[in-house]
Each structure stands twice: as structure tokens, then as C-alpha cells.
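Peer 1: File follows, work_36.json with JSON, C-alpha atoms and all ligand atoms:
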[["chain", "number", "residue", "atom", "x", "y", "z"],
["D", 1, "MET", "CA", -17.69, -31.04, 31.20],
["D", 2, "SER", "CA", -18.42, -30.96, 27.47],
["D", 3, "ALA", "CA", -17.97, -34.03, 25.30],
["D", 4, "GLU", "CA", -15.23, -32.30, 23.28],
["D", 5, "LYS", "CA", -13.09, -31.90, 26.37],
["D", 6, "LEU", "CA", -13.43, -35.59, 27.17],
["D", 7, "PHE", "CA", -11.65, -36.41, 23.94],
["D", 8, "PRO", "CA", -9.26, -33.50, 23.49],
["D", 9, "GLU", "CA", -7.35, -33.40, 20.23],
["D", 10, "VAL", "CA", -4.14, -35.18, 21.07],
["D", 11, "GLU", "CA", -0.83, -33.69, 20.10],
["D", 12, "THR", "CA", 0.32, -34.56, 16.63],
["D", 13, "LEU", "CA", 3.61, -36.36, 16.28],
["D", 14, "ALA", "CA", 5.15, -33.20, 14.89],
["D", 15, "ALA", "CA", 4.03, -31.32, 17.98],
["D", 16, "LEU", "CA", 5.87, -33.76, 20.20],
["D", 17, "GLY", "CA", 8.81, -31.41, 20.25],
["D", 18, "SER", "CA", 10.22, -33.06, 23.32],
["D", 19, "ASP", "CA", 10.89, -36.35, 21.49],
["D", 20, "LEU", "CA", 14.65, -36.40, 21.85],
["D", 21, "ALA", "CA", 15.03, -39.89, 20.38],
["D", 22, "GLY", "CA", 17.34, -39.63, 17.39],
["D", 23, "THR", "CA", 16.65, -42.96, 15.68],
["D", 24, "HIS", "CA", 13.44, -44.31, 17.16],
["D", 25, "LYS", "CA", 11.03, -41.39, 17.00],
["D", 26, "ALA", "CA", 7.50, -41.76, 18.39],
["D", 27, "SER", "CA", 5.37, -43.37, 15.72],
["D", 28, "ARG", "CA", 1.84, -44.38, 14.91],
["D", 29, "SER", "CA", 0.35, -47.36, 13.13],
["D", 30, "GLU", "CA", 0.57, -47.06, 9.34],
["D", 31, "ALA", "CA", -2.40, -49.42, 8.97],
["D", 32, "ALA", "CA", -4.53, -47.27, 11.27],
["D", 33, "ALA", "CA", -3.64, -44.17, 9.26],
["D", 34, "ARG", "CA", -5.21, -45.84, 6.21],
["D", 35, "VAL", "CA", -8.63, -46.32, 7.86],
["D", 36, "ASP", "CA", -11.35, -44.21, 6.21],
["D", 37, "PRO", "CA", -11.46, -40.97, 8.28],
["D", 38, "ALA", "CA", -15.26, -40.87, 7.91],
["D", 39, "LEU", "CA", -15.53, -44.19, 9.77],
["D", 40, "VAL", "CA", -13.22, -42.98, 12.54],
["D", 41, "GLU", "CA", -15.15, -39.73, 12.81],
["D", 42, "ALA", "CA", -18.48, -41.58, 13.11],
["D", 43, "ASP", "CA", -17.05, -43.87, 15.80],
["D", 44, "MET", "CA", -15.69, -40.85, 17.70],
["D", 45, "ARG", "CA", -19.08, -39.11, 17.61],
["D", 46, "ALA", "CA", -20.73, -42.24, 19.05],
["D", 47, "LEU", "CA", -18.08, -42.43, 21.76],
["D", 48, "GLU", "CA", -18.55, -38.79, 22.68],
["D", 49, "ARG", "CA", -22.33, -39.11, 22.79],
["D", 50, "ASP", "CA", -22.85, -42.56, 24.31],
["D", 51, "GLY", "CA", -19.48, -43.51, 25.78],
["D", 52, "TYR", "CA", -19.25, -46.68, 23.67],
["D", 53, "VAL", "CA", -19.40, -47.83, 20.08],
["D", 54, "ILE", "CA", -20.21, -51.25, 18.67],
["D", 55, "ILE", "CA", -18.44, -52.05, 15.41],
["D", 56, "GLU", "CA", -19.98, -55.09, 13.80],
["D", 57, "SER", "CA", -18.42, -58.00, 11.93],
["D", 58, "LEU", "CA", -14.79, -56.94, 11.68],
["D", 59, "LEU", "CA", -13.63, -60.57, 11.67],
["D", 60, "GLY", "CA", -14.31, -63.27, 9.12],
["D", 61, "GLU", "CA", -15.48, -66.78, 9.97],
["D", 62, "ASP", "CA", -12.02, -68.26, 9.41],
["D", 63, "GLU", "CA", -10.44, -65.75, 11.77],
["D", 64, "ILE", "CA", -13.02, -66.44, 14.46],
["D", 65, "ALA", "CA", -12.47, -70.18, 14.08],
["D", 66, "GLU", "CA", -8.69, -69.73, 14.34],
["D", 67, "ILE", "CA", -9.01, -67.66, 17.53],
["D", 68, "LYS", "CA", -11.39, -70.20, 19.08],
["D", 69, "ALA", "CA", -9.10, -73.10, 18.23],
["D", 70, "ALA", "CA", -6.09, -71.29, 19.69],
["D", 71, "LEU", "CA", -7.84, -70.31, 22.93],
["D", 72, "ALA", "CA", -9.73, -73.56, 23.63],
["D", 73, "PRO", "CA", -6.74, -75.56, 24.95],
["D", 74, "LEU", "CA", -5.48, -72.56, 26.96],
["D", 75, "LEU", "CA", -8.69, -71.90, 28.87],
["D", 76, "GLY", "CA", -8.88, -73.69, 32.18],
["D", 77, "HIS", "CA", -9.45, -72.49, 35.69],
["D", 78, "THR", "CA", -12.27, -70.17, 36.61],
["D", 79, "GLY", "CA", -12.14, -66.85, 38.47],
["D", 80, "ARG", "CA", -11.05, -66.52, 42.09],
["D", 81, "ASN", "CA", -13.55, -63.87, 43.19],
["D", 82, "ALA", "CA", -16.84, -62.24, 42.22],
["D", 83, "PHE", "CA", -15.10, -59.73, 39.93],
["D", 84, "GLU", "CA", -13.35, -62.40, 37.86],
["D", 85, "GLY", "CA", -16.45, -64.59, 38.15],
["D", 86, "HIS", "CA", -16.53, -68.01, 39.80],
["D", 87, "LYS", "CA", -18.06, -69.48, 36.62],
["D", 88, "THR", "CA", -15.87, -67.49, 34.23],
["D", 89, "GLN", "CA", -12.67, -68.79, 32.69],
["D", 90, "ARG", "CA", -10.00, -66.13, 32.36],
["D", 91, "LEU", "CA", -6.78, -66.40, 30.43],
["D", 92, "TYR", "CA", -4.26, -63.67, 31.17],
["D", 93, "ALA", "CA", -1.04, -62.69, 29.37],
["D", 94, "VAL", "CA", -2.57, -63.72, 26.06],
["D", 95, "PRO", "CA", 0.15, -62.15, 23.83],
["D", 96, "GLU", "CA", 2.70, -64.51, 25.41],
["D", 97, "LYS", "CA", 0.55, -67.57, 24.69],
["D", 98, "THR", "CA", -0.83, -67.24, 21.17],
["D", 99, "ARG", "CA", -0.41, -65.13, 18.05],
["D", 100, "ALA", "CA", -4.03, -65.76, 17.00],
["D", 101, "THR", "CA", -5.31, -62.72, 18.90],
["D", 102, "ASP", "CA", -2.71, -60.22, 17.65],
["D", 103, "ARG", "CA", -5.18, -59.15, 14.94],
["D", 104, "LEU", "CA", -7.51, -58.00, 17.73],
["D", 105, "ILE", "CA", -4.85, -56.15, 19.71],
["D", 106, "GLU", "CA", -3.65, -54.24, 16.67],
["D", 107, "HIS", "CA", -6.83, -54.00, 14.60],
["D", 108, "PRO", "CA", -6.45, -50.82, 12.49],
["D", 109, "ARG", "CA", -10.00, -49.69, 13.20],
["D", 110, "ILE", "CA", -9.25, -49.78, 16.94],
["D", 111, "LEU", "CA", -5.80, -48.21, 16.69],
["D", 112, "ALA", "CA", -7.32, -45.41, 14.61],
["D", 113, "LEU", "CA", -9.57, -44.58, 17.57],
["D", 114, "LEU", "CA", -6.74, -44.88, 20.08],
["D", 115, "ASP", "CA", -4.68, -42.55, 17.89],
["D", 116, "ARG", "CA", -7.43, -39.97, 18.35],
["D", 117, "ILE", "CA", -7.79, -40.46, 22.09],
["D", 118, "PHE", "CA", -4.27, -41.03, 23.43],
["D", 119, "LEU", "CA", -0.80, -39.64, 23.00],
["D", 120, "PRO", "CA", 1.52, -41.43, 20.57],
["D", 121, "ASN", "CA", 3.13, -44.60, 21.93],
["D", 122, "TYR", "CA", 0.13, -45.53, 24.09],
["D", 123, "LEU", "CA", 0.51, -48.97, 25.62],
["D", 124, "LEU", "CA", -1.33, -52.26, 25.75],
["D", 125, "SER", "CA", -2.41, -52.46, 29.38],
["D", 126, "GLN", "CA", -3.84, -55.96, 29.37],
["D", 127, "CYS", "CA", -5.20, -58.63, 27.06],
["D", 128, "GLN", "CA", -7.26, -61.52, 28.31],
["D", 129, "ALA", "CA", -9.77, -64.08, 27.12],
["D", 130, "ILE", "CA", -13.00, -64.16, 29.12],
["D", 131, "ASN", "CA", -15.24, -67.19, 28.79],
["D", 132, "ILE", "CA", -18.47, -66.65, 30.76],
["D", 133, "MET", "CA", -19.98, -70.06, 31.48],
["D", 134, "PRO", "CA", -23.69, -70.89, 31.80],
["D", 135, "GLY", "CA", -25.06, -69.91, 35.21],
["D", 136, "GLU", "CA", -22.59, -67.07, 35.78],
["D", 137, "ALA", "CA", -24.04, -64.02, 37.56],
["D", 138, "ALA", "CA", -23.61, -60.50, 36.21],
["D", 139, "GLN", "CA", -20.27, -58.95, 37.06],
["D", 140, "TYR", "CA", -20.54, -55.82, 39.17],
["D", 141, "LEU", "CA", -20.44, -52.65, 37.13],
["D", 142, "HIS", "CA", -17.17, -50.73, 37.15],
["D", 143, "ALA", "CA", -15.09, -48.23, 35.18],
["D", 144, "ASP", "CA", -11.80, -49.73, 33.99],
["D", 145, "ASP", "CA", -9.49, -46.78, 34.60],
["D", 146, "GLY", "CA", -10.86, -45.99, 38.08],
["D", 147, "PHE", "CA", -7.62, -47.19, 39.65],
["D", 148, "TYR", "CA", -5.80, -44.15, 38.22],
["D", 149, "ARG", "CA", -6.49, -41.72, 41.01],
["D", 150, "VAL", "CA", -7.24, -38.68, 38.91],
["D", 151, "PRO", "CA", -10.59, -37.00, 39.64],
["D", 152, "ARG", "CA", -13.53, -37.38, 37.23],
["D", 153, "PRO", "CA", -14.97, -36.11, 34.98],
["D", 154, "ARG", "CA", -11.84, -36.24, 32.87],
["D", 155, "PRO", "CA", -10.51, -37.57, 29.59],
["D", 156, "PRO", "CA", -10.06, -41.34, 29.68],
["D", 157, "LEU", "CA", -6.68, -42.64, 30.79],
["D", 158, "GLY", "CA", -7.44, -46.10, 29.45],
["D", 159, "ALA", "CA", -9.74, -47.61, 26.83],
["D", 160, "ALA", "CA", -11.02, -51.12, 26.22],
["D", 161, "THR", "CA", -12.28, -53.43, 23.55],
["D", 162, "VAL", "CA", -14.41, -56.51, 24.15],
["D", 163, "TRP", "CA", -14.37, -58.71, 21.06],
["D", 164, "ALA", "CA", -17.26, -61.14, 20.63],
["D", 165, "ILE", "CA", -15.67, -64.44, 19.64],
["D", 166, "ASP", "CA", -19.06, -66.08, 20.21],
["D", 167, "GLU", "CA", -22.12, -64.09, 19.27],
["D", 168, "PHE", "CA", -23.19, -61.83, 22.18],
["D", 169, "THR", "CA", -26.92, -62.25, 22.85],
["D", 170, "GLU", "CA", -29.46, -60.92, 25.37],
["D", 171, "GLU", "CA", -29.10, -64.19, 27.33],
["D", 172, "ASN", "CA", -25.48, -65.29, 27.14],
["D", 173, "GLY", "CA", -23.61, -62.58, 29.02],
["D", 174, "ALA", "CA", -23.15, -59.76, 26.51],
["D", 175, "THR", "CA", -21.18, -56.89, 28.06],
["D", 176, "VAL", "CA", -23.51, -54.49, 29.85],
["D", 177, "VAL", "CA", -22.77, -50.78, 29.33],
["D", 178, "VAL", "CA", -24.26, -47.70, 30.99],
["D", 179, "PRO", "CA", -24.68, -45.12, 28.21],
["D", 180, "GLY", "CA", -23.41, -41.66, 29.08],
["D", 181, "SER", "CA", -21.67, -42.78, 32.29],
["D", 182, "HIS", "CA", -18.27, -41.82, 30.83],
["D", 183, "VAL", "CA", -19.00, -38.20, 31.81],
["D", 184, "TRP", "CA", -20.13, -38.92, 35.36],
["D", 185, "PRO", "CA", -18.28, -37.25, 38.23],
["D", 186, "ASP", "CA", -16.50, -39.05, 41.05],
["D", 187, "GLY", "CA", -18.81, -40.87, 43.42],
["D", 188, "ARG", "CA", -21.69, -41.38, 41.00],
["D", 189, "MET", "CA", -22.47, -45.06, 40.58],
["D", 190, "PRO", "CA", -25.06, -46.75, 38.37],
["D", 191, "GLY", "CA", -28.44, -47.10, 40.05],
["D", 192, "GLU", "CA", -31.59, -49.04, 39.19],
["D", 193, "ASP", "CA", -32.96, -46.08, 37.21],
["D", 194, "ASP", "CA", -29.91, -45.74, 34.97],
["D", 195, "ARG", "CA", -30.36, -47.17, 31.49],
["D", 196, "LYS", "CA", -28.27, -50.22, 30.76],
["D", 197, "ILE", "CA", -27.61, -51.69, 27.33],
["D", 198, "LYS", "CA", -26.41, -55.18, 26.47],
["D", 199, "ALA", "CA", -23.79, -55.10, 23.72],
["D", 200, "VAL", "CA", -25.62, -57.63, 21.59],
["D", 201, "MET", "CA", -23.56, -58.25, 18.45],
["D", 202, "PRO", "CA", -22.59, -60.98, 15.98],
["D", 203, "ALA", "CA", -19.41, -62.99, 16.49],
["D", 204, "GLY", "CA", -16.43, -61.07, 15.14],
["D", 205, "SER", "CA", -17.74, -57.71, 16.35],
["D", 206, "VAL", "CA", -16.29, -55.45, 19.02],
["D", 207, "VAL", "CA", -17.54, -52.99, 21.60],
["D", 208, "PHE", "CA", -15.06, -50.17, 22.29],
["D", 209, "TYR", "CA", -15.31, -47.80, 25.25],
["D", 210, "PRO", "CA", -13.13, -45.39, 27.22],
["D", 211, "GLY", "CA", -11.91, -46.42, 30.68],
["D", 212, "THR", "CA", -14.35, -43.95, 32.22],
["D", 213, "LEU", "CA", -17.48, -45.85, 31.09],
["D", 214, "TRP", "CA", -19.37, -47.95, 33.66],
["D", 215, "HIS", "CA", -19.87, -51.49, 32.38],
["D", 216, "GLY", "CA", -19.55, -55.17, 33.32],
["D", 217, "GLY", "CA", -19.84, -58.70, 32.01],
["D", 218, "GLY", "CA", -23.46, -59.86, 31.76],
["D", 219, "ALA", "CA", -25.14, -62.83, 33.45],
["D", 220, "ASN", "CA", -25.07, -65.95, 31.31],
["D", 221, "LEU", "CA", -28.61, -67.34, 31.36],
["D", 222, "SER", "CA", -28.03, -69.50, 28.29],
["D", 223, "ALA", "CA", -26.86, -73.08, 28.01],
["D", 224, "ALA", "CA", -23.60, -72.23, 26.19],
["D", 225, "PRO", "CA", -20.44, -70.33, 27.12],
["D", 226, "ARG", "CA", -19.75, -66.78, 25.85],
["D", 227, "LEU", "CA", -16.18, -66.34, 24.70],
["D", 228, "ALA", "CA", -14.65, -62.87, 24.40],
["D", 229, "VAL", "CA", -11.21, -61.33, 24.14],
["D", 230, "THR", "CA", -10.70, -58.00, 25.82],
["D", 231, "CYS", "CA", -7.78, -55.68, 25.18],
["D", 232, "GLN", "CA", -7.14, -52.60, 27.26],
["D", 233, "TYR", "CA", -4.83, -49.73, 26.39],
["D", 234, "CYS", "CA", -3.52, -46.75, 28.36],
["D", 235, "GLU", "CA", -1.70, -43.46, 27.96],
["D", 236, "PRO", "CA", 2.05, -43.98, 27.48],
["D", 237, "TRP", "CA", 2.91, -42.34, 30.81],
["D", 238, "LEU", "CA", 0.85, -44.73, 32.95],
["D", 239, "ARG", "CA", 1.53, -48.07, 34.56],
["D", 240, "THR", "CA", -0.03, -50.97, 32.64],
["D", 241, "GLN", "CA", -2.21, -53.60, 34.32],
["D", 242, "GLU", "CA", -0.25, -56.56, 33.00],
["D", 243, "ASN", "CA", 3.49, -56.19, 33.38],
["D", 244, "TYR", "CA", 4.54, -57.02, 29.83],
["D", 245, "PHE", "CA", 7.93, -55.42, 30.41],
["D", 246, "LEU", "CA", 8.81, -58.36, 32.65],
["D", 247, "SER", "CA", 6.65, -61.12, 31.28],
["D", 248, "LEU", "CA", 7.23, -61.23, 27.53],
["D", 249, "SER", "CA", 9.80, -63.66, 26.20],
["D", 250, "PRO", "CA", 12.32, -62.61, 23.50],
["D", 251, "GLU", "CA", 10.60, -65.09, 21.16],
["D", 252, "THR", "CA", 7.31, -63.24, 21.52],
["D", 253, "VAL", "CA", 8.91, -59.87, 20.93],
["D", 254, "LYS", "CA", 10.59, -61.25, 17.81],
["D", 255, "ALA", "CA", 7.32, -62.67, 16.52],
["D", 256, "VAL", "CA", 5.08, -59.62, 16.85],
["D", 257, "SER", "CA", 4.62, -56.62, 14.58],
["D", 258, "GLU", "CA", 6.08, -53.17, 14.94],
["D", 259, "ASP", "CA", 2.72, -51.86, 16.20],
["D", 260, "MET", "CA", 2.60, -54.57, 18.87],
["D", 261, "ARG", "CA", 6.20, -53.99, 19.96],
["D", 262, "ARG", "CA", 5.50, -50.31, 20.44],
["D", 263, "MET", "CA", 2.40, -51.06, 22.53],
["D", 264, "LEU", "CA", 4.20, -53.72, 24.55],
["D", 265, "GLY", "CA", 6.83, -51.29, 25.81],
["D", 266, "TYR", "CA", 9.48, -51.03, 23.07],
["D", 267, "SER", "CA", 8.77, -47.32, 22.93],
["D", 268, "ILE", "CA", 9.19, -44.28, 25.13],
["D", 269, "TYR", "CA", 6.98, -41.51, 26.35],
["D", 270, "PRO", "CA", 9.13, -38.58, 25.22],
["D", 271, "PRO", "CA", 11.53, -37.36, 26.22],
["D", 272, "PHE", "CA", 12.75, -40.52, 28.00],
["D", 273, "MET", "CA", 10.15, -42.40, 30.10],
["D", 274, "GLY", "CA", 10.77, -46.07, 29.47],
["D", 275, "MET", "CA", 14.48, -45.75, 28.67],
["D", 276, "VAL", "CA", 16.88, -48.67, 29.14],
["D", 277, "ASN", "CA", 20.35, -47.69, 30.36],
["D", 278, "GLY", "CA", 19.77, -44.19, 29.04],
["D", 279, "MET", "CA", 18.80, -45.46, 25.60],
["D", 280, "HIS", "CA", 15.60, -46.09, 23.66],
["D", 281, "PRO", "CA", 14.36, -49.64, 24.48],
["D", 282, "LYS", "CA", 14.34, -50.50, 20.77],
["D", 283, "ARG", "CA", 18.14, -50.40, 20.92],
["D", 284, "LEU", "CA", 17.84, -53.77, 22.66],
["D", 285, "LEU", "CA", 16.17, -55.13, 19.55],
["D", 286, "ASP", "CA", 18.76, -53.50, 17.31],
["D", 287, "GLU", "CA", 21.52, -55.14, 19.34],
["D", 288, "ALA", "CA", 19.76, -58.51, 19.18],
["D", 289, "GLY", "CA", 19.39, -58.17, 15.41],
["D", 290, "VAL", "CA", 15.58, -58.14, 15.61],
["D", 291, "SER", "CA", 14.25, -55.90, 12.90],
["D", 301, "LIG", "O1", -16.60, -59.88, 29.85],
["D", 301, "LIG", "C1", -17.10, -58.76, 29.67],
["D", 301, "LIG", "O2", -18.03, -58.59, 28.90],
["D", 301, "LIG", "C2", -16.52, -57.55, 30.37],
["D", 301, "LIG", "C3", -15.58, -57.94, 31.47],
["D", 301, "LIG", "C4", -15.02, -56.78, 32.22],
["D", 301, "LIG", "O3", -15.46, -55.67, 32.11],
["D", 301, "LIG", "C5", -13.88, -57.00, 33.11],
["D", 301, "LIG", "O4", -13.58, -58.13, 33.47],
["D", 301, "LIG", "O5", -13.24, -55.98, 33.51]]
Using C-alpha cells, write down the structure from this file.
Peer 2:
Amino acid sequence: MSAEKLFPEVETLAALGSDLAGTHKASRSEAAARVDPALVEADMRALERDGYVIIESLLGEDEIAEIKAALAPLLGHTGRNAFEGHKTQRLYAVPEKTRATDRLIEHPRILALLDRIFLPNYLLSQCQAINIMPGEAAQYLHADDGFYRVPRPRPPLGAATVWAIDEFTEENGATVVVPGSHVWPDGRMPGEDDRKIKAVMPAGSVVFYPGTLWHGGGANLSAAPRLAVTCQYCEPWLRTQENYFLSLSPETVKAVSEDMRRMLGYSIYPPFMGMVNGMHPKRLLDEAGVS
């Protein structure tokens, strides 16, 4: 399958002729639309070629410090199995617990890529903090959207970011990616001979990859933890990993931006997937006086 077909041009909003919503039409992020198209194009070419792109230093020192301070008291128990990592702290349902990471979830540079890859009104599938502690073994390699049982090779059904809140180094558990594995067919798994790259990057940087790319958390051979925040997104017609529809409080929905609300389920996949009592879910916000 050619690279172009892996990232087919998604329908424009205007082409979404089946959007029957009268008031709350499908929409995209205004901030993402303002990102320099040359940057988005370069990121897309890297994604098509390699299956991942590292975008360095998107966060300032103050932002990193704020995220660290917000996450530190929330991080506690370690993983329950080898996938989560027995020496890895994982914090789930992050949007319900802190606003400090919203800037990662809705970063315009990331949404600009998602706007190119997915249909309008794509969803946030999960957001978690991952703190890999010293002595942790490498996570087994996997492709994030493998649980959607649609044969590969195919366009991605999900996509992920891993944000380096601590610097990612060769030793401390930087995400390991398998370049080019996003185009592999079903049944092909990474072997010893396949090239693997550690996403070494300064704090405040992000590695972005489609859900079809083989990757995993690295082994932490250093003496310090490696803190990351990962956000995953999916097509608007798929089930999300975290069930935000049930788990978000009204206070959280009130506090987040329009872009976040849309990604958290206050949106439909036209013509009506996601409706509430036959109406657009944003009617609930209208009725509650949340603008
Ligand atoms: O922590 C990382 O670098 C990646 C973790 C990951 O891929 C996962 O938990 O699904």
C-alpha cells in the first residue's frame, strides 16, 4: 500500500453533506487552522515516510514546571501487569483530574495533524501520565489501534502523542519506535533485525505517531524517573479507550475549551452518531447554560 493511501485526504467540512445538525455543525479547531501549513506538511511527510515525527520544544519551562507540579501529587500506584509496567506509575482519566495538561491534549500543532488524518469531530481516546521509574524493563512493542479489528495495512484509526515532561534520553526510557512499521501487514511483528529508534528529545517535546506504528516505552536504566503524558485520539465513529462519556463531571465539561468538549464527546459523527435523546449532545450544554 502506498504512503498516500495510508493518509488519505479526509473529507472537508463542506463535503460532510450528511451533517444534519442545524445548530451545532461539525467543526475544527480554529487554533489548529492557524498553524503554518508548511510545518504541517513537513510533519505529514515525516509521518508518511517514517511513521512518526518528533516535534521539539513546544513547551516552555514554566509550562513544564506547571505540569510536573500538577501531576506529582496525583501519581501513585504502579502498573498491574507487564504492559502497564510494574515499576511504572500510571495516572488515568487525566482530564478529570487536572487542567494543566489540557494544553497538550489540544495543542494546535497536534490538532493540525489530526485534522489531516481523521474525519472532523475525532475524539480523545485516552489521556494518561506515564512515569517510568528506574529499573523498569522495556514495555513490549505494540501498535495502539490493533484492538480495532480492521485488517492492515490500512489508514490509522487512532493516533498518539507522547509528550516528554522530563527529557527523554538513551538511558531513561524514551519511547522506542520501529520506523516504517506503520505500513506493515497483519501478522508482522518487530524482530531483532528491525531498526528501532529511541525518541530522544528535550523536555517539552512530543513524538506523534499513527495507531498503526509499532512502539513501546523504553527500559529505564537511569537513576531518575521519566515522566510523560500520552494522549490518544481516534476516528469519530469508533469507541474510545477511556469512557469519557460516563466519567467526566459537569465541572470538567464547564472548565474545558470548545476544542476539548468536541473531542470529549460533545459532538456527533454525522448524521447522528452520539446523539442524546435525538438531539446533538451540545444541547445539554445549551440547556445547562454552559457556553
Ligand atoms: O511510555 C511510553 O513511552 C509509551 C507507552 C505506551 O506506548 C503505552 O503504554 O501504550
Peer 1: Given only C-alpha atoms and all ligand atoms, how would the per-residue table for chain D near ligand LIG 301 (chain D) read, listing every residue at most 9 Å away with its closest atom pair and distance in Å to one decimal, sorted by chain and number, as a tab-separated table?
Peer 2:
residue	atom	partner	partner_atom	distance
D:Phe83	CA	D:LIG301	O4	6.8
D:Glu84	CA	D:LIG301	O4	6.1
D:Gly85	CA	D:LIG301	O4	8.5
D:Thr88	CA	D:LIG301	O1	8.8
D:Arg90	CA	D:LIG301	O4	8.8
D:Gln128	CA	D:LIG301	O4	8.8
D:Ala129	CA	D:LIG301	O1	8.5
D:Ile130	CA	D:LIG301	O1	5.6
D:Asn131	CA	D:LIG301	O1	7.5
D:Ile132	CA	D:LIG301	O1	7.1
D:Gln139	CA	D:LIG301	C3	7.4
D:Tyr140	CA	D:LIG301	O3	8.7
D:Leu141	CA	D:LIG301	O3	7.7
D:His142	CA	D:LIG301	O3	7.3
D:Ala143	CA	D:LIG301	O3	8.1
D:Asp144	CA	D:LIG301	O5	6.4
D:Ala160	CA	D:LIG301	O3	8.7
D:Val162	CA	D:LIG301	O2	6.3
D:Trp163	CA	D:LIG301	O2	8.7
D:Ala164	CA	D:LIG301	O2	8.7
D:Gly173	CA	D:LIG301	O2	6.9
D:Ala174	CA	D:LIG301	O2	5.8
D:Thr175	CA	D:LIG301	O2	3.7
D:Val176	CA	D:LIG301	O2	6.9
D:Ala199	CA	D:LIG301	O2	8.5
D:Trp214	CA	D:LIG301	O3	8.8
D:His215	CA	D:LIG301	O3	6.1
D:Gly216	CA	D:LIG301	O3	4.3
D:Gly217	CA	D:LIG301	O2	3.6
D:Gly218	CA	D:LIG301	O2	6.3
D:Arg226	CA	D:LIG301	O1	8.6
D:Leu227	CA	D:LIG301	O1	8.3
D:Ala228	CA	D:LIG301	O1	6.5
D:Val229	CA	D:LIG301	O1	8.0
D:Thr230	CA	D:LIG301	O1	7.4
Peer 1: Compare D:Leu221, D:Ala93, D:Leu264, D:Val200 by their minimum atom-to-atom distance to D:Glu136, counting all atoms listed in the file, and give me the closest one.
Peer 2: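 Closest residue, counting all atoms listed in the file: D:Leu221.
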Peer 1: Mind pulling up the distance from atom CA of D:Glu61 to atom CA of D:Leu47?
Peer 2: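 Distance between the two atoms: 27.2 Å.
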Peer 1: Determine, counting all atoms listed in the file, which protein, DNA and RNA residues have an atom within 6 Å of an atom of D:Asp145; residues of the same chain fewer than 3 positions away are not included. Present the result as number ranges by chain.
Peer 2: D: 148, 158, 211
Peer 1: Would you list the contacts of D:Met201 as number ranges by chain, taking every protein, DNA or RNA residue within 8 Å and counting all atoms listed in the file, but skipping same-chain residues closer than 5 positions in sequence?
Peer 2: D: 54, 56, 164, 167-169, 206
Peer 1: Atom CA of D:Ala65 and atom CA of D:Arg80 are how many Å apart?
Peer 2: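 One can read the atom CA of D:Ala65 to atom CA of D:Arg80 distance as 28.3 Å.
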Peer 1: Given all atoms listed in the file as the basis, pick out the residue of D:Ala72, D:Cys127, D:Val53, D:Leu39 nearest to D:Pro210.
Peer 2: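 Among D:Ala72, D:Cys127, D:Val53, D:Leu39, it is D:Val53 that comes nearest to D:Pro210.
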Peer 1: Hey, could you make a per-residue contact list for stretch 208-281 of chain D against stretch 19-33 of chain D with 10 Å as the cut-off, showing the nearest pair of atoms and its distance in Å to one decimal, counting all atoms listed in the file, sorted by chain and number, as CSV?
Peer 2:
residue,atom,partner,partner_atom,distance
D:Glu258,CA,D:Ser29,CA,8.4
D:Asp259,CA,D:Ser29,CA,5.9
D:Met260,CA,D:Ser29,CA,9.5
D:Arg262,CA,D:Ser27,CA,8.4
D:Tyr266,CA,D:His24,CA,9.8
D:Ser267,CA,D:Ala26,CA,7.3
D:Ile268,CA,D:Ala26,CA,7.4
D:Tyr269,CA,D:Ala26,CA,8.0
D:Pro270,CA,D:Asp19,CA,4.7
D:Pro271,CA,D:Asp19,CA,4.9
D:Phe272,CA,D:Leu20,CA,7.6
D:Met279,CA,D:Ala21,CA,8.5
D:His280,CA,D:Ala21,CA,7.0
D:Pro281,CA,D:His24,CA,9.1
Peer 1: Which residue gives the smallest distance to D:Glu66 among D:Thr240, D:Arg99, D:Pro156, D:Val276, with only C-alpha atoms counted?
Peer 2: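 Of D:Thr240, D:Arg99, D:Pro156, D:Val276, the one nearest D:Glu66, counting only C-alpha atoms, is D:Arg99.
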Peer 1: Please report the interatomic distance between atom CA of D:Ile55 and atom CA of D:Gln232 in Å with one decimal.
Peer 2: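 Distance reported for this atom pair: 16.4 Å.
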Peer 1: Might you pull out every residue within 6 Å of D:Gln126, with all atoms listed in the file counted and same-chain residues fewer than 4 positions away left off, and present them as a VMD selection string?
Peer 2: chain D and resid 231 to 232 241 to 242
Peer 1: Env of D:Pro95: 9 Å cut, atoms = all atoms listed in the file, seq-sep filter 4 positions within chain, self excluded. Answer as a PyMOL selection string.
Peer 2: chain D and resi 99-102+105+127-128+248+252+256
Peer 1: Produce a table with one row for each residue of stretch 45-65 of chain D that has an atom at most 12 Å from any atom of stretch 182-188 of chain D, each row naming the nearest atom pair and its distance in Å at one decimal; use only C-alpha atoms; arrange rows by chain and rising residue number; format as JSON lines.
Peer 2:
{"residue": "D:Leu47", "atom": "CA", "partner": "D:His182", "partner_atom": "CA", "distance": 9.1}
{"residue": "D:Glu48", "atom": "CA", "partner": "D:His182", "partner_atom": "CA", "distance": 8.7}
{"residue": "D:Arg49", "atom": "CA", "partner": "D:His182", "partner_atom": "CA", "distance": 9.4}
{"residue": "D:Asp50", "atom": "CA", "partner": "D:His182", "partner_atom": "CA", "distance": 8.0}
{"residue": "D:Gly51", "atom": "CA", "partner": "D:His182", "partner_atom": "CA", "distance": 5.5}
{"residue": "D:Tyr52", "atom": "CA", "partner": "D:His182", "partner_atom": "CA", "distance": 8.7}
Peer 1: List the residues sitting within 10 Å of (-8.0, -50.9, 15.4) in the file's frame, using only C-alpha atoms, as a count of residues only.
Peer 2: 21
Peer 1: D:Leu59, D:Ala288, D:Ala46, D:Leu91: which is nearest D:Gly76, counting all atoms listed in the file?
Peer 2: D:Leu91
Peer 1: Would you mind completing stretch 67-72 of chain D so that it carries N, CA, C and O atoms, and writing it out as a compact mmCIF listing (two decimals), in the frame of the given file?
Peer 2:
# COMPACT_ATOMS: atom_id res chain seq x y z
N ILE D 67 -9.14 -68.18 16.15
CA ILE D 67 -9.01 -67.66 17.53
C ILE D 67 -9.59 -68.67 18.52
O ILE D 67 -8.98 -68.99 19.55
N LYS D 68 -10.76 -69.21 18.19
CA LYS D 68 -11.39 -70.20 19.08
C LYS D 68 -10.49 -71.42 19.27
O LYS D 68 -10.31 -71.90 20.39
N ALA D 69 -9.94 -71.89 18.16
CA ALA D 69 -9.10 -73.10 18.23
C ALA D 69 -7.85 -72.83 19.05
O ALA D 69 -7.38 -73.71 19.80
N ALA D 70 -7.31 -71.61 18.94
CA ALA D 70 -6.09 -71.29 19.69
C ALA D 70 -6.38 -71.15 21.18
O ALA D 70 -5.57 -71.54 22.03
N LEU D 71 -7.54 -70.59 21.52
CA LEU D 71 -7.84 -70.31 22.93
C LEU D 71 -8.36 -71.55 23.67
O LEU D 71 -8.10 -71.71 24.87
N ALA D 72 -9.06 -72.42 22.96
CA ALA D 72 -9.73 -73.56 23.63
C ALA D 72 -8.78 -74.35 24.54
O ALA D 72 -9.10 -74.56 25.72
